[in-house]
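J.: Dumping the structure here so I can ask a few things about it.
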Amino acid sequence: MPNAKVLSEKQAIVADLTNKLQNAAAGVLVDYKGITVAEDTALRAELRKNNVEYAVVKNTLLRFAVDNCGMNELDSLLNGTTSLAICHDDPVAPARVVNDFAKKIDGHFEIKGGFMDGKAMPLDEIMALANIPPLPVLQAQVLGTMLAPISGLACVLKQIAEKQGAPAGAPAEEAPAAE
């Protein structure tokens with residue numbers, strides 16, 4: 001049996017993990033075996049850019065935290081090397097960044113599972129989330145779709161004006177002033 005000091009430290013870690021899991025919008029569990037220090041450093045830098053917290057965690061401590069949050073479905077994934085990536089504001093960011101990184105270093109890094117809004121999600125749903133483009137790209141696509149009809153109308157009006165002999169950029173001629 002561990003001494004009281006070690007036990008209280010582990011309980012504090014579990015309490016902290018439980019709090020993070022409950023307040024996170026989404027997160028993924030990652031099997032990170034075989035990555036180099038340089039690859040890990042690059043991954044952590046990319047995760048920081050996307051406001052994602054990333055940490056290597058002990059399976060037993062994470063199991064207690066997951067059970068405290070009511071996500072017992074994740075218990076079966078907590079074996080081997082495990083790291084946790086969570087985000088509090090963007091539910092797609094952890095899955096997207098980790099999946100993009102896993103594609104770069106093929107074979108050494110893979111998503112085990114994850115959760116969103118306090119509920120465990122199957123791996124296929126997490127992979128579907130990972131393929132959603134970042135929010136700025138989605139916003140640009142929506143704006144492009146909204147501006148397409150207006151741009152088309154402007155092009156048609158310009159072509160009609162040019163067909164009738166008026167140059168596209170010529171200012172309208174003013175009528176001579178009456179004397």
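Residue numbering restarts at 1 for every chain of the structure tokens, chains are lettered A, B, ... in their displayed order, and ligands are numbered from 1 as they appear.
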Report as a tab-separated table: every residue of stretch 94-160 of chain A with an atom at most 10 Å from stretch 25-49 of chain A, its closest pair of atoms, and their distance in Å to one decimal, counting only C-alpha atoms, with rows sorted by chain and ascending residue number.
T.:
```
residue	atom	partner	partner_atom	distance
A:Pro94	CA	A:Gly27	CA	5.9
A:Ala95	CA	A:Val28	CA	6.3
A:Arg96	CA	A:Leu47	CA	9.9
A:Val97	CA	A:Leu47	CA	6.7
A:Val98	CA	A:Leu43	CA	7.8
A:Asn99	CA	A:Val30	CA	9.8
A:Asp100	CA	A:Leu43	CA	9.8
A:Phe101	CA	A:Leu43	CA	6.8
A:Ala102	CA	A:Tyr32	CA	9.4
A:Lys104	CA	A:Glu39	CA	9.7
A:Ile105	CA	A:Ile35	CA	8.1
A:Gly107	CA	A:Gly34	CA	8.6
A:His108	CA	A:Gly34	CA	5.2
A:Phe109	CA	A:Tyr32	CA	4.8
A:Glu110	CA	A:Asp31	CA	5.4
A:Ile111	CA	A:Val30	CA	4.5
A:Lys112	CA	A:Val30	CA	5.3
A:Gly113	CA	A:Leu29	CA	5.3
A:Gly114	CA	A:Val28	CA	4.0
A:Phe115	CA	A:Gly27	CA	5.5
A:Met116	CA	A:Ala26	CA	4.2
A:Asp117	CA	A:Ala25	CA	5.4
A:Gly118	CA	A:Ala26	CA	7.8
A:Lys119	CA	A:Ala26	CA	9.0
A:Ala120	CA	A:Gly27	CA	9.5
A:Met121	CA	A:Val28	CA	9.5
A:Leu123	CA	A:Val28	CA	9.6
A:Ile126	CA	A:Val28	CA	8.2
```
J.: How many Å separate atom CA of A:Val57 from atom CA of A:Ser83?
T.: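 One can read the atom CA of A:Val57 to atom CA of A:Ser83 distance as 5.6 Å.
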J.: Run DSSP on the backbone of this structure and report the residues of chain A it assigns to strand (DSSP E), as a VMD selection string.
T.: chain A and resid 26 to 31 53 to 56 83 to 87 110 to 116 119 to 121
J.: Write out as a Markdown table a residue-level contact list of stretch 45-76 of chain A versus stretch 11-20 of chain A with cut-off 7 Å: for each qualifying residue the closest pair of atoms and the distance in Å to one decimal, counting only C-alpha atoms, rows sorted by chain and residue number upward.
T.:
```
| residue | atom | partner | partner_atom | distance |
| --- | --- | --- | --- | --- |
| A:Leu61 | CA | A:Val14 | CA | 5.7 |
| A:Leu62 | CA | A:Val14 | CA | 6.9 |
| A:Phe64 | CA | A:Val14 | CA | 6.6 |
| A:Ala65 | CA | A:Thr18 | CA | 4.6 |
| A:Val66 | CA | A:Thr18 | CA | 6.9 |
| A:Asn68 | CA | A:Thr18 | CA | 6.6 |
| A:Cys69 | CA | A:Thr18 | CA | 6.5 |
```
J.: When DSSP is applied to the backbone of this structure, which of stretch 11-102 of chain A are assigned alpha helix (DSSP H)? Write them out as a PyMOL selection string.
T.: chain A and resi 11-23+37-49+59-68+93-102
J.: Pick the closest to A:Asp89 from A:Val6, A:Ile150, A:Leu77, A:Leu135: which is it, counting only C-alpha atoms?
T.: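 The answer is A:Leu135, which sits nearest to A:Asp89.
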J.: At what distance in Å, to one decimal, does atom CA of A:Leu7 lie from atom CA of A:Asn59?
T.: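 A separation of 15.9 Å between them.
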J.: Choose the residue, out of A:His88, A:Lys163, A:Lys5, A:Lys10, that has the smallest atom-to-atom separation from A:Lys58; count only C-alpha atoms.
T.: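 Using only C-alpha atoms, A:Lys58 sits closest to A:Lys10.
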